[in-house]
>>> print(open('upload.cif').read())   # mmCIF, C-alpha atoms
data_protein
#
loop_
_atom_site.label_atom_id
_atom_site.label_comp_id
_atom_site.auth_asym_id
_atom_site.auth_seq_id
_atom_site.Cartn_x
_atom_site.Cartn_y
_atom_site.Cartn_z
CA MET G 610 87.28 -2.85 4.49
CA PRO G 611 84.20 -5.00 5.01
CA LYS G 612 81.04 -3.40 6.34
CA THR G 613 79.40 -4.77 9.44
CA VAL G 614 75.79 -5.89 9.56
CA LEU G 615 73.96 -6.75 12.77
CA LEU G 616 71.88 -9.91 12.26
CA VAL G 617 68.97 -10.42 14.65
CA GLU G 618 67.08 -13.67 14.02
CA ASP G 619 65.86 -16.28 16.50
CA GLU G 620 65.31 -19.21 14.17
CA PHE G 621 68.79 -20.71 14.27
CA LEU G 622 68.62 -22.41 10.88
CA ILE G 623 67.65 -19.17 9.19
CA ALA G 624 70.23 -17.21 11.19
CA MET G 625 72.90 -19.68 10.16
CA ASP G 626 71.86 -19.46 6.54
CA LEU G 627 71.78 -15.66 6.45
CA GLU G 628 75.12 -15.42 8.25
CA LEU G 629 76.80 -17.56 5.60
CA LEU G 630 75.05 -15.76 2.78
CA LEU G 631 76.14 -12.34 4.07
CA GLN G 632 79.72 -13.51 4.67
CA ARG G 633 79.90 -14.86 1.13
CA HIS G 634 78.93 -11.42 -0.13
CA GLY G 635 81.65 -9.66 1.80
CA TRP G 636 79.79 -8.63 4.93
CA LEU G 637 81.14 -8.88 8.44
CA VAL G 638 78.32 -10.30 10.56
CA LEU G 639 77.68 -9.02 14.06
CA GLY G 640 75.68 -11.74 15.82
CA PRO G 641 73.49 -13.48 14.96
CA ALA G 642 71.52 -12.47 18.03
CA ALA G 643 68.51 -14.62 18.91
CA THR G 644 67.18 -12.37 21.66
CA VAL G 645 66.64 -8.69 22.36
CA SER G 646 69.14 -8.78 25.23
CA GLN G 647 71.84 -10.43 23.07
CA ALA G 648 71.34 -7.81 20.38
CA LEU G 649 71.47 -4.91 22.85
CA LEU G 650 74.65 -6.33 24.37
CA LEU G 651 76.29 -6.49 20.93
CA LEU G 652 75.23 -2.91 20.23
CA ARG G 653 76.84 -1.69 23.43
CA ASN G 654 80.32 -2.40 22.05
CA SER G 655 79.93 -1.94 18.31
CA VAL G 656 78.08 0.19 15.82
CA PRO G 657 77.22 -1.72 12.64
CA ALA G 658 76.67 -0.02 9.28
CA VAL G 659 73.21 -1.54 8.99
CA ALA G 660 71.02 -4.19 10.62
CA ILE G 661 68.60 -6.97 9.66
CA LEU G 662 65.86 -7.53 12.19
CA ASP G 663 63.39 -10.33 12.74
CA VAL G 664 60.36 -8.91 14.54
CA THR G 665 59.43 -11.52 17.13
CA LEU G 666 62.31 -12.91 19.14
CA LYS G 667 62.48 -15.44 21.94
CA ASP G 668 62.26 -12.76 24.61
CA GLY G 669 59.76 -10.48 22.93
CA ALA G 670 59.35 -7.95 20.13
CA VAL G 671 62.49 -6.49 18.55
CA THR G 672 61.34 -2.92 19.41
CA PRO G 673 64.09 -2.05 21.95
CA VAL G 674 66.74 -3.07 19.40
CA ALA G 675 65.14 -0.92 16.71
CA GLU G 676 65.03 2.01 19.14
CA ALA G 677 68.69 1.55 20.06
CA LEU G 678 69.58 1.50 16.36
CA ARG G 679 67.54 4.62 15.71
CA ASP G 680 69.34 6.40 18.56
CA LYS G 681 72.68 5.48 16.99
CA ASN G 682 71.48 6.47 13.50
CA VAL G 683 71.97 2.93 12.21
CA PRO G 684 69.53 2.08 9.39
CA PHE G 685 67.79 -1.30 9.49
CA VAL G 686 65.68 -3.55 7.32
CA LEU G 687 63.13 -6.05 8.60
CA SER G 688 62.86 -9.68 7.61
CA SER G 689 59.54 -10.75 8.99
CA ALA G 690 56.80 -13.12 7.93
CA TYR G 691 54.28 -10.66 9.37
CA GLU G 692 52.67 -8.46 6.77
CA LYS G 693 52.49 -5.44 9.09
CA PRO G 694 55.45 -5.72 11.49
CA GLU G 695 54.65 -2.32 13.04
CA ARG G 696 51.49 -3.86 14.49
CA ILE G 697 53.68 -6.12 16.59
CA GLY G 698 56.78 -4.04 17.05
CA GLY G 699 55.26 -0.57 17.21
CA GLU G 700 55.85 2.75 15.47
CA VAL G 701 59.64 2.53 15.41
CA LEU G 702 59.32 -0.15 12.71
CA ALA G 703 56.78 1.72 10.63
CA GLY G 704 59.13 3.31 8.09
CA ALA G 705 61.46 0.36 7.65
CA VAL G 706 61.53 -1.84 4.56
CA ASN G 707 60.34 -5.40 5.21
CA VAL G 708 62.05 -7.79 2.81
CA GLY G 709 59.76 -10.57 4.09
CA LYS G 710 60.42 -14.16 4.88
CA PRO G 711 61.59 -16.22 3.15
CA VAL G 712 63.87 -13.74 1.39
CA ASP G 713 66.11 -14.33 -1.60
CA ALA G 714 69.73 -13.21 -1.58
CA GLN G 715 69.34 -10.41 -4.10
CA THR G 716 66.39 -8.77 -2.37
CA LEU G 717 68.16 -8.84 0.98
CA LEU G 718 71.50 -7.53 -0.26
CA GLY G 719 69.77 -4.85 -2.34
CA ALA G 720 67.69 -3.71 0.64
CA LEU G 721 70.81 -3.43 2.82
CA GLU G 722 72.57 -1.22 0.27
CA GLN G 723 69.43 0.84 -0.17
CA ALA G 724 69.00 1.33 3.59
CA MET G 725 72.59 2.54 3.96
CA ARG G 726 72.18 5.09 1.17
CA SER G 727 69.01 6.65 2.54
CA MET Z 563 -19.16 -11.12 -1.64
CA VAL Z 564 -20.61 -8.99 1.09
CA MET Z 565 -18.56 -8.62 4.21
CA ASN Z 566 -20.26 -7.65 7.41
CA LEU Z 567 -18.60 -5.90 10.31
CA GLU Z 568 -18.08 -9.12 12.21
CA ASP Z 569 -16.20 -10.70 9.32
CA LEU Z 570 -14.11 -7.62 8.96
CA TYR Z 571 -13.32 -7.64 12.66
CA ARG Z 572 -12.38 -11.35 12.53
CA LEU Z 573 -10.15 -10.72 9.52
CA ARG Z 574 -8.37 -7.87 11.24
CA ARG Z 575 -8.08 -9.87 14.44
CA ASN Z 576 -6.65 -12.84 12.54
CA GLY Z 577 -4.27 -10.49 10.85
CA TYR Z 578 -3.20 -9.10 14.20
CA ILE Z 579 -2.69 -12.55 15.73
CA GLU Z 580 -0.72 -13.61 12.68
CA ALA Z 581 1.46 -10.51 12.86
CA GLN Z 582 2.09 -10.93 16.59
CA GLY Z 583 2.86 -14.62 15.96
CA ILE Z 584 5.45 -13.65 13.38
CA VAL Z 585 6.98 -11.06 15.69
CA ASP Z 586 7.22 -13.57 18.53
CA THR Z 587 8.70 -16.28 16.34
CA VAL Z 588 11.62 -14.13 15.24
CA PRO Z 589 14.57 -15.41 17.30
CA TYR Z 590 16.15 -11.99 17.76
CA PRO Z 591 14.87 -8.75 19.27
CA LEU Z 592 12.37 -7.01 17.03
CA LEU Z 593 10.48 -3.78 17.64
CA LEU Z 594 7.52 -2.38 15.79
CA LEU Z 595 7.51 1.40 16.22
CA ASP Z 596 4.79 3.81 15.22
CA GLN Z 597 5.56 7.01 13.34
CA ASN Z 598 6.32 8.80 16.61
CA LEU Z 599 8.85 6.10 17.51
CA ARG Z 600 6.69 4.61 20.24
CA VAL Z 601 6.81 0.83 20.68
CA ARG Z 602 3.66 -0.80 19.34
CA THR Z 603 4.90 -4.30 19.90
CA ALA Z 604 8.08 -6.21 20.55
CA SER Z 605 9.26 -9.79 20.11
CA ARG Z 606 9.78 -12.10 23.07
CA ALA Z 607 13.50 -12.10 22.32
CA PHE Z 608 13.57 -8.33 22.88
CA PHE Z 609 12.33 -8.72 26.46
CA SER Z 610 14.64 -11.62 27.28
CA THR Z 611 17.74 -10.13 25.64
CA PHE Z 612 17.46 -6.73 27.29
CA LYS Z 613 15.93 -8.05 30.51
CA VAL Z 614 12.87 -5.81 30.38
CA GLU Z 615 9.15 -6.42 30.99
CA ARG Z 616 6.42 -6.14 28.38
CA ASP Z 617 4.51 -3.60 30.51
CA GLU Z 618 7.39 -1.20 30.75
CA THR Z 619 8.01 -1.42 27.01
CA ILE Z 620 4.81 -1.24 25.01
CA GLY Z 621 3.64 2.33 24.36
CA GLN Z 622 6.94 3.82 25.43
CA HIS Z 623 9.02 6.09 23.25
CA ILE Z 624 12.11 4.20 22.14
CA TYR Z 625 14.47 6.75 23.69
CA ASP Z 626 12.71 6.40 27.06
CA LEU Z 627 12.93 2.60 27.14
CA GLY Z 628 14.79 1.06 30.07
CA ASN Z 629 15.91 4.33 31.65
CA GLY Z 630 16.98 5.76 28.34
CA GLN Z 631 19.37 2.94 27.43
CA TRP Z 632 18.30 3.23 23.80
CA ASP Z 633 18.93 6.94 23.65
CA ILE Z 634 22.07 6.37 21.65
CA PRO Z 635 23.45 9.06 19.30
CA GLU Z 636 24.08 6.52 16.54
CA LEU Z 637 20.55 5.15 16.85
CA ARG Z 638 19.13 8.67 16.76
CA ARG Z 639 21.08 9.31 13.59
CA LEU Z 640 19.72 6.10 12.09
CA LEU Z 641 16.11 6.81 13.02
CA GLU Z 642 16.06 10.53 12.32
CA GLU Z 643 18.42 10.95 9.39
CA VAL Z 644 19.07 7.68 7.58
CA ILE Z 645 15.69 5.98 7.69
CA PRO Z 646 13.55 8.90 6.51
CA LYS Z 647 15.62 8.93 3.31
CA SER Z 648 15.39 5.21 2.61
CA THR Z 649 12.82 2.48 3.03
CA ALA Z 650 15.20 -0.07 4.49
CA VAL Z 651 18.50 -0.16 6.32
CA VAL Z 652 20.39 -3.41 6.83
CA ASP Z 653 22.99 -4.21 9.48
CA TYR Z 654 23.68 -0.71 10.76
CA GLU Z 655 26.33 -1.24 13.41
CA VAL Z 656 25.95 0.32 16.84
CA GLU Z 657 28.32 -0.23 19.73
CA HIS Z 658 26.88 0.69 23.08
CA ALA Z 659 27.21 -0.03 26.78
CA PHE Z 660 23.84 -1.33 27.92
CA PRO Z 661 23.26 -1.14 31.68
CA SER Z 662 21.79 -4.64 31.81
CA ILE Z 663 24.13 -6.55 29.49
CA GLY Z 664 27.29 -4.47 29.11
CA VAL Z 665 29.11 -3.30 25.98
CA ARG Z 666 27.61 -4.86 22.90
CA THR Z 667 27.92 -4.58 19.16
CA MET Z 668 24.43 -4.50 17.72
CA LEU Z 669 23.44 -4.77 14.09
CA LEU Z 670 20.27 -2.82 13.48
CA SER Z 671 18.07 -3.41 10.47
CA ALA Z 672 15.05 -1.23 9.85
CA HIS Z 673 12.19 -1.45 7.42
CA ARG Z 674 9.56 1.25 6.93
CA LEU Z 675 5.97 0.15 6.51
CA PHE Z 676 3.35 2.37 4.96
CA HIS Z 677 -0.33 1.79 5.76
CA PRO Z 678 -2.36 3.24 2.89
CA GLU Z 679 -5.75 2.88 4.64
CA ASN Z 680 -4.91 5.52 7.25
CA ASN Z 681 -1.81 7.05 5.70
CA SER Z 682 0.28 6.09 8.74
CA ARG Z 683 3.80 4.81 8.85
CA SER Z 684 5.42 2.35 11.15
CA LEU Z 685 8.89 1.01 11.48
CA LEU Z 686 10.17 -2.54 12.00
CA LEU Z 687 13.46 -2.49 13.82
CA SER Z 688 15.41 -5.71 14.30
CA ILE Z 689 18.39 -5.90 16.60
CA VAL Z 690 21.00 -8.61 16.25
CA ASP Z 691 23.65 -8.95 18.94
CA ALA Z 692 26.82 -9.42 16.90
CA THR Z 693 29.21 -9.09 19.84
CA ASP Z 694 30.20 -12.76 19.99
CA ARG Z 695 30.30 -13.07 16.23
CA ARG Z 696 32.56 -10.01 15.98
CA ARG Z 697 34.85 -11.37 18.70
CA LEU Z 698 35.05 -14.73 16.92
CA GLU Z 699 35.85 -12.96 13.66
CA VAL Z 700 38.67 -11.04 15.33
CA GLU Z 701 40.00 -14.25 16.90
CA LYS Z 702 39.75 -16.06 13.60
CA ASP Z 703 41.67 -13.29 11.84
CA LEU Z 704 44.37 -13.41 14.51
CA LEU Z 705 44.61 -17.17 14.21
CA LEU Z 706 44.81 -17.04 10.43
CA GLY Z 707 47.49 -14.34 10.66
CA GLU Z 708 49.50 -16.51 13.03
CA MET Z 709 49.04 -19.47 10.73
CA ARG Z 710 50.28 -17.48 7.72
CA HIS Z 711 53.23 -16.32 9.78
CA ARG Z 712 54.13 -19.88 10.72
CA MET Z 713 53.79 -21.08 7.17
CA LYS Z 714 56.13 -18.38 5.89
CA ASN Z 715 58.59 -19.27 8.62
CA LEU Z 716 58.48 -22.87 7.50
CA PHE Z 717 59.08 -21.82 3.91
CA ALA Z 718 62.09 -19.86 5.15
CA LEU Z 719 63.39 -22.96 6.96
CA VAL Z 720 63.07 -25.05 3.84
CA GLN Z 721 64.80 -22.32 1.86
CA ALA Z 722 67.64 -22.28 4.40
CA LEU Z 723 68.01 -26.07 4.15
CA ALA Z 724 68.11 -25.93 0.36
CA ARG Z 725 70.66 -23.12 0.33
CA GLN Z 726 72.80 -24.70 3.03
CA THR Z 727 72.97 -28.12 1.41
CA SER Z 728 76.27 -27.93 -0.39
CA VAL Z 729 76.54 -28.57 -4.12
CA ASP Z 730 80.35 -28.98 -4.00
CA GLY Z 731 81.44 -32.34 -5.38
CA ARG Z 732 77.84 -33.60 -5.56
CA SER Z 733 75.85 -34.81 -8.53
CA GLY Z 734 72.35 -33.44 -8.98
CA GLU Z 735 70.96 -36.67 -7.63
CA GLU Z 736 73.20 -36.59 -4.57
CA TYR Z 737 72.23 -33.01 -3.87
CA ARG Z 738 68.56 -33.90 -4.16
CA ASP Z 739 68.88 -36.85 -1.78
CA ALA Z 740 70.86 -34.84 0.76
CA PHE Z 741 68.30 -32.03 0.64
CA LEU Z 742 65.32 -34.36 0.83
CA GLY Z 743 66.90 -36.17 3.77
CA ARG Z 744 67.09 -32.90 5.70
CA PHE Z 745 63.64 -31.90 4.55
CA GLY Z 746 62.30 -35.26 5.78
CA ALA Z 747 63.90 -34.68 9.18
CA LEU Z 748 62.16 -31.30 9.37
CA VAL Z 749 58.81 -32.89 8.51
CA ARG Z 750 59.19 -35.68 11.08
CA ALA Z 751 60.31 -33.18 13.70
CA HIS Z 752 57.10 -31.25 13.13
CA ASP Z 753 55.05 -34.38 13.53
CA VAL Z 754 56.61 -35.05 16.91
CA ALA Z 755 56.79 -31.44 18.03
CA TYR Z 756 53.27 -30.27 17.25
CA THR Z 757 51.05 -33.30 17.77
CA GLN Z 758 50.50 -33.27 21.52
CA ASP Z 759 50.07 -30.02 23.48
CA GLN Z 760 53.22 -28.40 22.09
CA LYS Z 761 55.35 -30.91 23.98
CA ALA Z 762 57.59 -33.53 22.44
CA ASP Z 763 58.85 -36.60 24.23
CA LEU Z 764 62.61 -37.13 23.83
CA LYS Z 765 62.40 -40.92 23.49
CA GLU Z 766 59.68 -40.66 20.86
CA LEU Z 767 61.66 -38.02 19.02
CA LEU Z 768 64.77 -40.23 18.99
CA GLU Z 769 62.80 -43.22 17.72
CA GLN Z 770 60.96 -41.22 15.05
CA THR Z 771 64.04 -39.42 13.77
CA LEU Z 772 66.29 -42.46 13.68
CA LYS Z 773 63.68 -44.84 12.24
CA PRO Z 774 64.83 -44.39 8.62
CA TYR Z 775 68.33 -45.52 9.64
CA SER Z 776 67.47 -48.36 12.00
CA GLU Z 777 66.71 -50.97 9.40
CA GLY Z 778 69.42 -53.63 9.59
CA ALA Z 779 71.46 -51.36 11.83
CA THR Z 780 72.10 -51.46 15.53
CA ILE Z 781 70.85 -48.29 17.17
CA VAL Z 782 70.29 -48.69 20.88
CA ILE Z 783 68.29 -46.09 22.76
CA GLU Z 784 68.92 -46.79 26.43
CA PRO Z 785 65.86 -46.40 28.63
CA SER Z 786 65.94 -43.38 30.87
CA LYS Z 787 63.72 -40.82 32.58
CA PRO Z 788 61.14 -39.16 30.29
CA VAL Z 789 62.02 -35.69 29.09
CA SER Z 790 59.59 -33.34 27.38
CA LEU Z 791 60.88 -30.79 24.90
CA THR Z 792 59.53 -27.53 23.55
CA PRO Z 793 58.73 -27.56 19.81
CA SER Z 794 61.74 -25.44 18.88
CA ARG Z 795 64.10 -27.62 20.88
CA ALA Z 796 62.57 -30.76 19.42
CA LEU Z 797 63.09 -29.35 15.95
CA SER Z 798 66.76 -28.56 16.63
CA LEU Z 799 67.48 -31.96 18.16
CA SER Z 800 65.74 -33.75 15.36
CA LEU Z 801 67.85 -31.97 12.72
CA ILE Z 802 71.02 -32.68 14.71
CA LEU Z 803 70.16 -36.38 15.00
CA HIS Z 804 69.53 -36.54 11.27
CA GLU Z 805 72.96 -35.04 10.54
CA LEU Z 806 74.65 -37.44 12.95
CA ALA Z 807 72.83 -40.43 11.50
CA THR Z 808 73.60 -39.61 7.85
CA ASN Z 809 77.19 -38.98 8.81
CA ALA Z 810 77.30 -42.37 10.55
CA VAL Z 811 75.90 -44.05 7.44
CA LYS Z 812 78.52 -42.43 5.21
CA TYR Z 813 81.64 -42.54 7.34
CA GLY Z 814 80.85 -43.89 10.79
CA ALA Z 815 79.45 -46.86 12.65
CA LEU Z 816 76.54 -47.42 10.28
CA SER Z 817 78.87 -47.75 7.26
CA THR Z 818 79.74 -51.30 8.38
CA SER Z 819 77.59 -54.23 9.47
CA THR Z 820 79.37 -54.52 12.81
CA GLY Z 821 78.90 -50.91 13.88
CA LYS Z 822 76.63 -49.76 16.62
CA ILE Z 823 75.21 -46.50 17.95
CA THR Z 824 74.22 -46.10 21.57
CA ILE Z 825 72.20 -43.12 22.74
CA ARG Z 826 71.64 -42.37 26.39
CA TRP Z 827 70.71 -39.40 28.48
CA THR Z 828 70.59 -38.22 32.05
CA ILE Z 829 68.95 -35.29 33.75
CA GLU Z 830 71.24 -33.29 35.96
CA ARG Z 831 70.30 -30.83 38.62
CA ALA Z 832 72.91 -28.15 38.90
CA SER Z 833 71.59 -24.63 39.51
CA LYS Z 834 69.16 -25.37 36.67
CA LYS Z 835 67.85 -28.64 35.26
CA HIS Z 836 70.13 -29.89 32.48
CA LEU Z 837 69.82 -32.61 29.89
CA ARG Z 838 73.00 -34.51 29.05
CA LEU Z 839 72.56 -36.46 25.81
CA ILE Z 840 75.27 -38.81 24.61
CA TRP Z 841 75.66 -40.26 21.12
CA GLN Z 842 78.29 -42.97 21.07
CA GLU Z 843 79.41 -44.81 17.95
CA SER Z 844 81.41 -48.05 18.12
CA GLY Z 845 82.49 -50.96 15.95
CA GLY Z 846 82.86 -48.86 12.82
CA PRO Z 847 85.94 -47.96 10.80
CA PRO Z 848 88.67 -45.95 12.54
CA VAL Z 849 87.58 -42.34 12.97
CA THR Z 850 89.51 -39.37 11.62
CA PRO Z 851 88.49 -35.79 12.36
CA PRO Z 852 87.04 -33.93 9.35
CA THR Z 853 89.28 -31.40 7.64
CA THR Z 854 86.56 -28.87 6.86
CA THR Z 855 83.55 -27.66 8.80
CA GLY Z 856 80.48 -28.98 7.00
CA PHE Z 857 76.82 -28.16 7.39
CA GLY Z 858 76.32 -30.88 10.01
CA THR Z 859 79.02 -29.58 12.34
CA ARG Z 860 77.92 -25.98 11.89
CA LEU Z 861 74.33 -26.95 12.57
CA ILE Z 862 75.22 -28.78 15.77
CA GLU Z 863 77.39 -25.98 17.11
CA PHE Z 864 74.96 -23.27 16.09
CA SER Z 865 71.83 -24.88 17.45
CA VAL Z 866 73.23 -26.17 20.73
CA LYS Z 867 75.00 -22.93 21.61
CA GLY Z 868 72.73 -20.37 19.98
CA GLU Z 869 69.35 -22.01 20.10
CA MET Z 870 69.52 -24.08 23.25
CA GLY Z 871 72.06 -22.08 25.23
CA GLY Z 872 74.02 -25.25 25.89
CA ARG Z 873 77.36 -26.73 24.95
CA VAL Z 874 78.48 -29.58 22.75
CA GLU Z 875 81.57 -31.72 22.68
CA LEU Z 876 82.58 -33.62 19.57
CA ASN Z 877 85.14 -36.30 20.30
CA TYR Z 878 86.62 -37.93 17.20
CA ALA Z 879 88.05 -40.88 19.12
CA PRO Z 880 89.53 -43.52 16.80
CA LYS Z 881 87.26 -46.27 18.18
CA GLY Z 882 84.12 -44.27 17.47
CA LEU Z 883 82.68 -40.76 17.34
CA ALA Z 884 81.31 -39.57 20.67
CA ILE Z 885 79.10 -36.53 21.01
CA GLU Z 886 77.89 -35.01 24.21
CA ILE Z 887 75.25 -32.31 24.28
CA VAL Z 888 74.49 -30.53 27.54
CA THR Z 889 71.58 -28.12 27.48
CA PRO Z 890 69.39 -26.44 30.07
CA LEU Z 891 65.85 -27.82 30.12
#
>>> encode(input="upload.cif", output="structure tokens")
Amino acid sequence: MPKTVLLVEDEFLIAMDLELLLQRHGWLVLGPAATVSQALLLLRNSVPAVAILDVTLKDGAVTPVAEALRDKNVPFVLSSAYEKPERIGGEVLAGAVNVGKPVDAQTLLGALEQAMRS
Amino acid sequence: MVMNLEDLYRLRRNGYIEAQGIVDTVPYPLLLLDQNLRVRTASRAFFSTFKVERDETIGQHIYDLGNGQWDIPELRRLLEEVIPKSTAVVDYEVEHAFPSIGVRTMLLSAHRLFHPENNSRSLLLSIVDATDRRRLEVEKDLLLGEMRHRMKNLFALVQALARQTSVDGRSGEEYRDAFLGRFGALVRAHDVAYTQDQKADLKELLEQTLKPYSEGATIVIEPSKPVSLTPSRALSLSLILHELATNAVKYGALSTSTGKITIRWTIERASKKHLRLIWQESGGPPVTPPTTTGFGTRLIEFSVKGEMGGRVELNYAPKGLAIEIVTPL
């Protein structure tokens, strides 16, 4: 049974690319969500195994999404071009792995597996 | 040489005038303190910067100056602990709220002078207001951080284009050309999107994006009301137009000499302002719907629905492909 990953990314080309990449590697993609409100709406009805979060979205910082995930005990990894995402998104992002941007397939897939194990 | 008292006096007086001249020439506040930390002299810039008079300054103890505005714990530490152990201190930073000029970041430099003739010591204290410089540095760092962030985002976009450009059934050369075509569209979109005040003009964007395909081809952009687009929307539209144009060159109206593409748009006022953009091909070979969903179709669907919050209709009519994009402005 495929595992579900929530994809939160507001740059549509990157979202599209990551969606395809994850699907090719056997993931079921929830999203992609381009805004905080879209992501929160998706989380209301489903609980993914893990999530990939961009830090700055069209309607603000990803913080509320990260908090919702933390409340549901869903691990997440960040994919942000910012070197210190917690400076923008706050403490809730501080412990998370940031795979950076751009990210290669192996790093991303490895980080997702790692996040689910910890 | 014998020096009489008058010569000696003149020499000392010249020395004094010279010293005061130097002090006054210094463009930043400078204090000369005696060994008891009383002000012996101060530069003109000191009076103007801190809005104080010469009379209320000279002879005063530094901590009593200007109603005690220099009685700062950090300055006390500098004068009483740091300086006695060293002959010079450079750029010691003090942040303080001055009653006359507000919160300032000051860089203090101090140099101890020893006068062997009477065994006395004095202290030169220069004060540089680094508030504006510090603020500029912070702004510069923020700007550079934002710049780095944008660059990495662009790298990620290019990576996505490279990964999304299919290798199936393509030679290396064909892959390269397809990728570079998309890359070129991204570059041109940036030119249009970021040149003037973060606003892109739709007509200009259409002309710029379709320029590489217009040579010897009939592409008509019907005049209409000007529309300005945000950079992200301009980028999306530009990539869409590129996909439509390359598709037209391969299979559609631009694959024959008789084909034609007409682009027109209207602005509609429903509850919100909407842009309706129509791409109409005609005169080309008969159209058949594609059997698989390629990058172009995915891109159009994804960007119009996800990115722009609009809708798109692809009509594979036999007489020519028609595409209608409706998006809130």
>>> resolve_selection(input="upload.cif", expression="the PyMOL selection byres ((chain G and resi 699-713) around 8)", output="PyMOL selection string")
(chain G and resi 672+675-676+685-692+694-698+714-717+720) or (chain Z and resi 714-715+717-719+721)
>>> residues_around(input="upload.cif", residues="range 653-659 of chain G", least_positions_apart="5", cutoff="8 Å", atoms="all atoms listed in the file", output="ChimeraX atom specification")
/G:612-615,639,681,683-686,721,724-725
>>> resolve_selection(input="upload.cif", expression="the PyMOL selection byres ((chain Z and resi 744) around 8)", output="PyMOL selection string")
chain Z and resi 723+740-743+745-748+801+804-805
>>> atom_distance(input="upload.cif", atom1="CA of His836 in chain Z", atom2="CA of Ile623 in chain G")
25.8 Å
>>> closest_atom_pairs(input="upload.cif", of="chain Z", to="chain G", cutoff="12 Å", atoms="only C-alpha atoms", output="Markdown table")
| residue | atom | partner | partner_atom | distance |
| --- | --- | --- | --- | --- |
| Z:Leu704 | CA | G:Tyr691 | CA | 11.5 |
| Z:Leu706 | CA | G:Tyr691 | CA | 11.5 |
| Z:Gly707 | CA | G:Tyr691 | CA | 7.8 |
| Z:Glu708 | CA | G:Tyr691 | CA | 8.4 |
| Z:Met709 | CA | G:Tyr691 | CA | 10.3 |
| Z:Arg710 | CA | G:Ala690 | CA | 7.8 |
| Z:His711 | CA | G:Ala690 | CA | 5.1 |
| Z:Arg712 | CA | G:Ala690 | CA | 7.8 |
| Z:Met713 | CA | G:Ala690 | CA | 8.5 |
| Z:Lys714 | CA | G:Ala690 | CA | 5.7 |
| Z:Asn715 | CA | G:Ala690 | CA | 6.4 |
| Z:Leu716 | CA | G:Pro711 | CA | 8.5 |
| Z:Phe717 | CA | G:Pro711 | CA | 6.2 |
| Z:Ala718 | CA | G:Pro711 | CA | 4.2 |
| Z:Leu719 | CA | G:Ile623 | CA | 6.1 |
| Z:Val720 | CA | G:Pro711 | CA | 9.0 |
| Z:Gln721 | CA | G:Pro711 | CA | 7.0 |
| Z:Ala722 | CA | G:Asp626 | CA | 5.5 |
| Z:Leu723 | CA | G:Leu622 | CA | 7.7 |
| Z:Ala724 | CA | G:Asp626 | CA | 9.7 |
| Z:Arg725 | CA | G:Asp626 | CA | 7.3 |
| Z:Gln726 | CA | G:Asp626 | CA | 6.4 |
| Z:Thr727 | CA | G:Asp626 | CA | 10.1 |
| Z:Ser728 | CA | G:Asp626 | CA | 11.8 |
| Z:Arg744 | CA | G:Leu622 | CA | 11.8 |
| Z:Leu748 | CA | G:Leu622 | CA | 11.1 |
| Z:Ser794 | CA | G:Glu620 | CA | 8.6 |
| Z:Arg795 | CA | G:Phe621 | CA | 10.7 |
| Z:Leu797 | CA | G:Leu622 | CA | 10.2 |
| Z:Ser798 | CA | G:Phe621 | CA | 8.4 |
| Z:Leu799 | CA | G:Phe621 | CA | 12.0 |
| Z:Leu801 | CA | G:Leu622 | CA | 9.8 |
| Z:Ile802 | CA | G:Leu622 | CA | 11.2 |
| Z:Phe857 | CA | G:Met625 | CA | 9.7 |
| Z:Gly858 | CA | G:Leu622 | CA | 11.5 |
| Z:Thr859 | CA | G:Met625 | CA | 11.8 |
| Z:Arg860 | CA | G:Met625 | CA | 8.2 |
| Z:Leu861 | CA | G:Leu622 | CA | 7.5 |
| Z:Ile862 | CA | G:Leu622 | CA | 10.4 |
| Z:Glu863 | CA | G:Met625 | CA | 10.4 |
| Z:Phe864 | CA | G:Phe621 | CA | 6.9 |
| Z:Ser865 | CA | G:Phe621 | CA | 6.1 |
| Z:Val866 | CA | G:Phe621 | CA | 9.6 |
| Z:Lys867 | CA | G:Phe621 | CA | 9.9 |
| Z:Gly868 | CA | G:Phe621 | CA | 6.9 |
| Z:Glu869 | CA | G:Phe621 | CA | 6.0 |
| Z:Met870 | CA | G:Phe621 | CA | 9.6 |
| Z:Gly871 | CA | G:Ala643 | CA | 10.4 |
>>> resolve_selection(input="upload.cif", expression="the PyMOL selection byres ((chain Z and resi 608) around 12)", output="MDAnalysis selection string")
chainID Z and resid 585:594 601 603:607 609:616 619:620 627:628 687:691
>>> closest_residue(input="upload.cif", among="Z:Thr853, Z:Thr820, Z:Gln631, Z:Ser671", to="Ala659 in chain Z", atoms="all atoms listed in the file")
Z:Gln631
>>> atom_distance(input="upload.cif", atom1="CA of Pro673 in chain G", atom2="CA of Leu652 in chain G")
11.3 Å
>>> atom_distance(input="upload.cif", atom1="CA of Gln842 in chain Z", atom2="CA of Pro793 in chain Z")
24.9 Å
>>> closest_residue(input="upload.cif", among="Z:Leu803, Z:Leu891, Z:Glu777, Z:Ser684", to="Ala672 in chain Z", atoms="all atoms listed in the file")
Z:Ser684
>>> residues_around(input="upload.cif", residues="Tyr813 in chain Z", least_positions_apart="2", cutoff="10 Å", atoms="all atoms listed in the file", output="number ranges by chain")
Z: 807-811, 815-818, 846-850
